[in-house]
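Structure file final29.cif with mmCIF, C-alpha atoms:
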```
data_query
loop_
_atom_site.label_atom_id
_atom_site.label_comp_id
_atom_site.auth_asym_id
_atom_site.auth_seq_id
_atom_site.Cartn_x
_atom_site.Cartn_y
_atom_site.Cartn_z
CA MET A 2 56.54 2.86 -25.90
CA ALA A 3 56.72 5.91 -28.15
CA ASP A 4 53.01 5.76 -28.93
CA VAL A 5 51.98 5.42 -25.26
CA VAL A 6 50.81 8.31 -23.08
CA LEU A 7 52.46 8.05 -19.64
CA LYS A 8 51.01 10.26 -16.90
CA LEU A 9 51.83 10.59 -13.21
CA GLY A 10 49.26 12.81 -11.53
CA ASP A 11 49.17 16.01 -13.60
CA PHE A 12 52.67 15.34 -15.03
CA THR A 13 52.70 14.00 -18.60
CA PHE A 14 55.97 12.39 -19.74
CA GLU A 15 57.14 13.29 -23.23
CA ARG A 16 59.54 11.95 -25.86
CA ASN A 17 62.67 10.42 -24.25
CA GLU A 18 61.10 10.82 -20.79
CA ILE A 19 59.02 7.75 -21.67
CA PRO A 20 60.89 4.46 -21.10
CA GLU A 21 61.11 1.64 -23.61
CA GLN A 22 59.37 -0.70 -21.18
CA MET A 23 57.30 -0.57 -17.98
CA PRO A 24 57.65 -3.66 -15.76
CA PHE A 25 54.62 -4.30 -13.58
CA GLY A 26 53.16 -7.16 -11.56
CA GLY A 27 53.22 -8.36 -7.98
CA GLU A 28 52.81 -11.35 -5.74
CA GLN A 29 50.17 -13.48 -4.07
CA ALA A 30 51.04 -13.01 -0.40
CA LEU A 31 51.05 -16.35 1.40
CA VAL A 32 51.03 -17.21 5.09
CA VAL A 33 52.44 -20.65 5.85
CA HIS A 34 51.58 -22.31 9.18
CA ARG A 35 53.73 -25.32 10.07
CA LEU A 36 51.81 -27.41 12.59
CA VAL A 37 52.99 -30.19 14.87
CA GLY A 38 53.28 -33.52 13.07
CA GLY A 39 54.36 -32.06 9.75
CA THR A 40 50.98 -30.59 8.74
CA LYS A 41 51.18 -27.37 6.81
CA ILE A 42 48.44 -24.82 6.15
CA VAL A 43 49.00 -22.29 3.36
CA GLN A 44 46.67 -19.29 3.23
CA ALA A 45 46.41 -16.91 0.29
CA MET A 46 46.22 -13.37 1.70
CA GLY A 47 45.54 -11.58 -1.56
CA ASP A 48 47.37 -9.97 -4.44
CA PHE A 49 49.89 -7.24 -3.61
CA THR A 50 51.22 -5.20 -6.52
CA GLY A 51 54.95 -4.55 -6.46
CA PRO A 52 56.63 -1.16 -6.93
CA ILE A 53 56.85 0.23 -10.46
CA SER A 54 60.21 1.64 -11.59
CA TRP A 55 61.45 3.15 -14.82
CA SER A 56 64.05 5.56 -16.14
CA GLY A 57 64.37 8.10 -18.92
CA TRP A 58 65.76 11.49 -19.93
CA LEU A 59 64.31 14.90 -19.15
CA GLU A 60 65.28 17.00 -22.15
CA GLY A 61 64.70 20.52 -23.41
CA GLN A 62 64.86 24.06 -22.05
CA ASP A 63 62.49 23.16 -19.19
CA ALA A 64 64.22 19.88 -18.21
CA LEU A 65 65.41 21.22 -14.85
CA ALA A 66 62.02 22.75 -14.07
CA ARG A 67 60.33 19.42 -14.85
CA ALA A 68 62.81 17.60 -12.59
CA ARG A 69 61.91 20.03 -9.82
CA GLN A 70 58.20 19.41 -10.45
CA LEU A 71 58.64 15.66 -9.97
CA THR A 72 60.79 16.30 -6.90
CA ALA A 73 58.02 18.44 -5.41
CA MET A 74 55.52 15.63 -6.03
CA ARG A 75 57.81 13.20 -4.20
CA VAL A 76 58.30 15.57 -1.27
CA ALA A 77 54.54 16.20 -0.98
CA GLY A 78 53.91 12.49 -0.32
CA VAL A 79 50.39 12.70 -1.79
CA PRO A 80 48.86 9.73 -3.66
CA VAL A 81 48.60 10.30 -7.42
CA VAL A 82 47.34 8.21 -10.33
CA LEU A 83 49.87 6.57 -12.66
CA THR A 84 48.48 5.61 -16.08
CA TRP A 85 49.76 4.25 -19.36
CA SER A 86 47.95 2.28 -22.05
CA GLU A 87 45.14 0.47 -20.18
CA GLN A 88 47.03 0.37 -16.88
CA SER A 89 46.04 2.57 -13.94
CA TYR A 90 47.46 2.64 -10.39
CA ALA A 91 47.15 4.80 -7.30
CA VAL A 92 50.76 5.37 -6.22
CA LEU A 93 53.12 7.31 -4.01
CA ILE A 94 56.47 8.42 -5.44
CA HIS A 95 59.01 6.53 -3.35
CA THR A 96 62.20 7.70 -5.03
CA PHE A 97 62.97 10.18 -7.81
CA GLU A 98 66.66 10.48 -8.67
CA PRO A 99 67.59 12.98 -11.39
CA VAL A 100 71.23 13.44 -12.37
CA PHE A 101 72.29 16.92 -13.48
CA ARG A 102 74.56 16.84 -16.52
CA LEU A 103 73.34 19.79 -18.54
CA PHE A 104 70.38 22.02 -17.70
CA HIS A 105 68.63 20.69 -20.80
CA LYS A 106 69.56 17.01 -20.45
CA ILE A 107 68.83 15.29 -17.13
CA PRO A 108 68.62 11.47 -16.83
CA TYR A 109 66.36 10.20 -14.08
CA GLN A 110 65.24 7.06 -12.24
CA ILE A 111 61.84 6.90 -10.53
CA THR A 112 60.14 4.29 -8.32
CA CYS A 113 56.47 4.40 -7.33
CA GLU A 114 54.98 2.37 -4.49
CA VAL A 115 51.58 1.07 -5.57
CA ILE A 116 48.70 1.73 -3.18
CA GLU A 117 46.09 0.06 -5.36
CA ASP A 118 45.80 -1.40 -8.85
CA LEU A 119 42.91 0.66 -10.22
CA THR A 120 42.94 -1.37 -13.43
CA LEU A 121 41.56 -4.34 -11.52
CA SER A 122 39.62 -2.56 -8.78
CA THR A 123 35.88 -2.10 -8.58
CA ALA A 124 36.37 1.53 -9.51
CA GLY A 125 37.75 0.55 -12.89
CA THR A 126 34.92 -1.67 -14.09
CA GLY A 127 31.30 -1.22 -14.93
CA ASP A 128 29.17 1.92 -14.71
CA ALA A 129 28.76 2.13 -10.94
CA SER A 130 28.66 5.65 -9.52
CA ILE A 131 31.09 6.86 -6.90
CA ASP A 132 28.28 6.60 -4.33
CA ASP A 133 27.63 2.96 -5.29
CA LEU A 134 31.33 2.13 -5.03
CA ILE A 135 31.76 3.72 -1.61
CA ASN A 136 28.52 2.35 -0.17
CA GLY A 137 29.29 -1.11 -1.56
CA ASP A 138 32.73 -1.18 0.07
CA ILE A 139 31.36 0.03 3.41
CA LEU A 140 28.63 -2.63 3.29
CA ASP A 141 31.25 -5.32 2.64
CA ALA A 142 33.41 -3.93 5.46
CA SER A 143 30.47 -4.04 7.88
CA GLY A 144 29.97 -7.73 7.08
CA LEU A 145 33.67 -8.43 7.65
CA ALA A 146 33.55 -6.58 10.99
CA GLU A 147 30.69 -8.83 12.13
CA SER A 148 32.68 -11.93 11.14
CA ILE A 149 35.77 -10.68 13.00
CA GLY A 150 33.70 -10.14 16.14
CA ASP A 151 35.77 -7.42 17.81
CA PHE A 152 33.52 -5.17 19.93
CA THR A 153 35.58 -2.02 19.39
CA LEU A 154 35.78 -2.57 15.63
CA THR A 155 32.04 -3.15 15.36
CA GLY A 156 31.37 0.09 17.26
CA LEU A 157 33.68 2.04 14.98
CA MET A 158 31.98 0.61 11.88
CA ASN A 159 28.61 1.66 13.32
CA THR A 160 30.00 5.21 13.57
CA VAL A 161 31.11 5.05 9.93
CA ASN A 162 27.68 3.82 8.83
CA SER A 163 25.99 6.63 10.77
CA ALA A 164 28.24 9.22 9.09
CA ILE A 165 27.62 7.76 5.63
CA SER A 166 23.84 7.61 6.15
CA GLY A 167 23.86 11.41 6.31
CA VAL A 168 25.48 11.77 2.88
CA SER A 169 22.96 11.95 0.04
CA SER A 170 25.66 12.32 -2.63
CA PHE A 171 29.41 12.06 -2.12
CA ALA A 172 30.11 13.83 -5.40
CA ASN A 173 28.24 16.93 -4.19
CA ALA A 174 29.01 16.73 -0.48
CA ALA A 175 30.56 19.61 1.44
CA GLN A 176 34.20 19.27 2.47
CA SER A 177 33.12 19.17 6.12
CA THR A 178 30.73 16.30 5.36
CA LEU A 179 33.44 14.30 3.59
CA ASN A 180 35.78 14.92 6.51
CA SER A 181 33.14 13.67 8.95
CA VAL A 182 33.23 10.34 7.10
CA LEU A 183 36.99 10.17 6.58
CA GLN A 184 37.72 10.57 10.32
CA PRO A 185 35.80 7.47 11.54
CA ILE A 186 37.12 5.47 8.56
CA ALA A 187 40.67 6.33 9.66
CA ALA A 188 39.77 5.12 13.18
CA VAL A 189 38.51 1.83 11.72
CA ARG A 190 41.76 1.29 9.82
CA GLN A 191 43.78 2.06 12.94
CA GLN A 192 41.83 -0.56 14.93
CA VAL A 193 42.24 -3.10 12.11
CA GLY A 194 45.98 -2.44 12.17
CA THR A 195 46.04 -3.00 15.92
CA LEU A 196 44.16 -6.30 15.54
CA ILE A 197 46.49 -7.47 12.75
CA ALA A 198 49.49 -6.77 14.98
CA SER A 199 47.84 -8.66 17.85
CA VAL A 200 47.02 -11.65 15.64
CA ASN A 201 50.57 -11.77 14.28
CA ASN A 202 51.91 -11.60 17.83
CA THR A 203 49.72 -14.54 18.85
CA MET A 204 51.01 -16.62 15.98
CA ILE A 205 54.74 -15.97 16.46
CA ASN A 206 55.21 -15.51 20.23
CA VAL A 207 54.94 -19.18 21.17
CA THR A 208 58.00 -21.28 21.97
CA THR A 209 56.86 -24.01 19.58
CA LEU A 210 53.72 -23.95 17.47
CA GLY A 211 50.88 -24.91 19.76
CA GLY A 212 53.00 -24.22 22.83
CA ILE A 213 53.75 -27.92 23.28
CA VAL A 214 56.91 -27.88 25.36
CA PRO A 215 57.98 -29.99 28.33
CA ASN A 216 56.33 -29.17 31.68
CA ASN A 217 53.55 -27.04 30.14
CA PRO A 218 50.17 -27.94 31.61
CA ILE A 219 47.82 -29.63 29.14
CA ALA A 220 45.23 -26.84 29.57
CA LYS A 221 47.80 -24.22 28.54
CA GLN A 222 48.83 -26.28 25.53
CA VAL A 223 45.21 -26.55 24.38
CA GLN A 224 44.63 -22.82 24.95
CA ASN A 225 47.70 -21.89 22.89
CA ILE A 226 46.60 -24.13 20.02
CA SER A 227 43.08 -22.66 20.21
CA ASN A 228 44.41 -19.09 20.14
CA GLN A 229 46.54 -19.86 17.11
CA ILE A 230 43.63 -21.39 15.21
CA VAL A 231 41.49 -18.30 15.89
CA ALA A 232 44.34 -16.03 14.83
CA ALA A 233 44.86 -17.97 11.59
CA GLN A 234 41.13 -17.61 10.82
CA GLN A 235 40.98 -13.89 11.60
CA LEU A 236 44.06 -12.69 9.73
CA PRO A 237 42.60 -13.05 6.17
CA LEU A 238 39.41 -11.27 7.30
CA LEU A 239 41.39 -8.39 8.80
CA VAL A 240 43.55 -8.00 5.68
CA ALA A 241 40.44 -8.05 3.47
CA MET A 242 38.75 -5.45 5.66
CA ASP A 243 41.75 -3.14 5.59
CA ARG A 244 41.87 -3.30 1.77
CA THR A 245 38.10 -2.75 1.44
CA VAL A 246 37.92 0.18 3.87
CA GLY A 247 41.12 1.60 2.38
CA ARG A 248 39.55 1.64 -1.09
CA ALA A 249 36.51 3.54 0.24
CA GLN A 250 38.84 5.94 2.05
CA MET A 251 40.79 6.62 -1.14
CA ASN A 252 37.62 7.16 -3.21
CA ILE A 253 36.26 9.67 -0.68
CA GLY A 254 39.68 11.29 -0.38
CA SER A 255 39.87 11.71 -4.17
CA ILE A 256 36.59 13.64 -4.09
CA TYR A 257 37.83 15.73 -1.17
CA SER A 258 41.10 16.65 -2.89
CA SER A 259 39.63 17.24 -6.35
CA ALA A 260 37.02 19.79 -5.26
CA LYS A 261 37.80 23.25 -6.61
CA GLN A 262 37.42 26.39 -4.49
CA ILE A 263 36.84 29.95 -5.68
CA THR A 264 36.51 33.18 -3.73
CA THR A 265 33.81 35.56 -4.91
CA ALA A 266 32.28 38.83 -3.78
CA GLY A 267 28.58 38.33 -4.38
CA GLY A 268 26.93 36.68 -7.36
CA ASN A 269 24.63 33.69 -7.59
CA LEU A 270 25.01 29.92 -7.81
CA LEU A 271 23.08 29.60 -11.08
CA ASP A 272 25.63 31.70 -12.92
CA MET A 273 28.47 29.78 -11.31
CA ALA A 274 26.93 26.42 -12.26
CA ALA A 275 26.43 27.60 -15.83
CA LYS A 276 30.08 28.64 -16.00
CA GLU A 277 31.52 25.53 -14.30
CA TYR A 278 29.22 22.82 -15.69
CA GLY A 279 27.42 24.45 -18.61
CA ASP A 280 24.14 23.86 -16.75
CA ALA A 281 22.56 26.51 -14.51
CA MET A 282 20.19 23.90 -13.02
CA ALA A 283 23.22 22.23 -11.41
CA TRP A 284 23.31 25.08 -8.88
CA THR A 285 21.83 22.66 -6.32
CA GLY A 286 25.14 20.78 -6.17
CA LEU A 287 26.90 24.03 -5.26
CA ALA A 288 24.29 24.72 -2.57
CA LYS A 289 24.78 21.26 -1.05
CA ALA A 290 28.56 21.60 -1.09
CA ASN A 291 28.36 25.02 0.61
CA PRO A 292 25.95 24.69 3.55
CA GLN A 293 27.11 28.07 4.89
CA LEU A 294 24.93 29.66 2.19
CA GLY A 295 21.77 28.21 3.73
CA GLY A 296 20.42 26.96 0.40
CA ASP A 297 20.11 30.48 -1.03
CA PRO A 298 21.29 30.73 -4.66
CA GLN A 299 22.25 34.37 -4.03
CA VAL A 300 25.77 34.81 -2.67
CA SER A 301 26.19 37.77 -0.34
CA GLY A 302 29.52 39.28 0.68
CA ILE A 303 32.89 37.65 0.17
CA GLN A 304 32.54 33.85 0.18
CA THR A 305 34.80 30.91 -0.59
CA ILE A 306 32.72 28.55 -2.70
CA THR A 307 33.51 24.83 -3.05
CA ILE A 308 32.91 23.52 -6.59
CA PRO A 309 32.30 19.72 -6.58
CA PRO A 310 34.01 17.80 -9.43
CA SER A 311 30.64 16.41 -10.61
CA LYS A 312 27.48 18.38 -11.26
CA ASP A 313 24.14 17.75 -9.55
CA THR A 314 21.51 16.14 -11.83
CA VAL A 315 18.26 16.71 -9.93
CA GLY A 316 16.99 19.39 -12.31
CA GLY A 317 17.40 22.42 -10.08
CA VAL A 318 15.23 21.18 -7.18
CA LEU A 319 17.31 21.60 -4.02
CA ASN A 320 15.60 19.00 -1.82
CA SER A 321 15.76 16.20 -4.39
#
```

Any chance you could give the structure as structure tokens?
Amino acid sequence: MADVVLKLGDFTFERNEIPEQMPFGGEQALVVHRLVGGTKIVQAMGDFTGPISWSGWLEGQDALARARQLTAMRVAGVPVVLTWSEQSYAVLIHTFEPVFRLFHKIPYQITCEVIEDLTLSTAGTGDASIDDLINGDILDASGLAESIGDFTLTGLMNTVNSAISGVSSFANAAQSTLNSVLQPIAAVRQQVGTLIASVNNTMINVTTLGGIVPNNPIAKQVQNISNQIVAAQQLPLLVAMDRTVGRAQMNIGSIYSSAKQITTAGGNLLDMAAKEYGDAMAWTGLAKANPQLGGDPQVSGIQTITIPPSKDTVGGVLNS
């Protein structure tokens, strides 16, 4: 893979740091229900990408410093993007194991747990904007919540929709605005996790499938079978909802974490926009991301200014 660029977050692997091969792939998670009478129901729960592992050599005068950089990334526990060739994944560094031999020659082994395969995700195809991607996922999640029919989950999704309705542009939103959306999304995922645990409990905590054991009343047998059928129907919906909401959460989180902040004593947003984006008319994006300024392009006193990763394209009209 000598001609391949391998990057993990802001760390670019070089020369012998790049392995000869990069295994990747995963599994189609299956749930198998064995019913009374020998009937079997097999449900496909979706594709789950396996961990990605490789090894190499950190070499050169800065080998030890680079090993420490990767160690710091592992310790931080923050999702980063792993890319090579046409492959792209959101990952967490699970293990990084360097072996000190010489300060300039350190072999290593690294394993990344894949959060999402970005190569295949909605975010990796087409020309949809970040707003379209997030709104599309939330719309799909709302439909799944209705199908699941849990009152608490529906209420939490309504809260998410209310928060999102107040965001005109995620790319130019203030950090506080993004946080106001991330919090109810986290609550939705927590409730989905609770429901998945409950459904799994329903399906495994029965003496025999359907609860058909000697001396059980017929009504209880029927109720157990009914509960299991409902659980088997809900589980794929819950898993799909968790993946969909999780993708929206990661997209919003990537905007939140990629916003740059500068501290300035006075100045004006037009000059800052010209410096950051090469377009003074993009000052409106800075104004939207910094509501503490009250929409005034003039910056008074010492202020910490949030610089969104994408510029505003409304031509300098703040209310557009």

Find the nearest atom pair between each residue of segment 249-319 of chain A and segment 172-194 of chain A for residues within 7 Å, count all atoms listed in the file, give distances in Å to one decimal, sort rows by chain and ascending number, and present the table as CSV.
```
residue,atom,partner,partner_atom,distance
A:Gln250,CA,A:Leu183,CA,6.5
A:Ile253,CA,A:Leu179,CA,6.9
A:Ile256,CA,A:Ala172,CA,6.6
A:Tyr257,CA,A:Gln176,CA,6.2
A:Gly286,CA,A:Asn173,CA,5.3
A:Lys289,CA,A:Ala174,CA,6.2
A:Ala290,CA,A:Ala175,CA,3.8
A:Asn291,CA,A:Ala175,CA,5.9
A:Pro309,CA,A:Asn173,CA,5.5
A:Pro310,CA,A:Ala172,CA,6.9
A:Ser311,CA,A:Ala172,CA,5.8
A:Asp313,CA,A:Asn173,CA,6.8
```

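The smallest atom-to-atom distance between Ser56 of chain A and any of A:Thr285, A:Gln299, A:Gln88, A:Gln110, using all atoms listed in the file, is found for A:Gln110.
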
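We find atom CA of Ala288 of chain A and atom CA of Asp272 of chain A to be spaced 12.6 Å apart.
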
Could you tell me which of A:Ser301, A:Gln235, A:Asn159, A:Thr245 comes closest to Asp138 of chain A if we count all atoms listed in the file?
A:Thr245

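What separates atom CA of Val81 of chain A from atom CA of Ile94 of chain A is a distance of 8.3 Å.
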
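What the PyMOL selection byres ((chain A and resi 60-65) around 12) picks from this file is Phe14, Glu15, Arg16, Asn17, Glu18, Ile19, Gly57, Trp58, Leu59, Ala66, Arg67, Ala68, Arg69, Gln70, Leu71, Thr72, Pro99, Val100, Phe101, Arg102, Leu103, Phe104, His105, Lys106, Ile107, Pro108 and Tyr109 of chain A.
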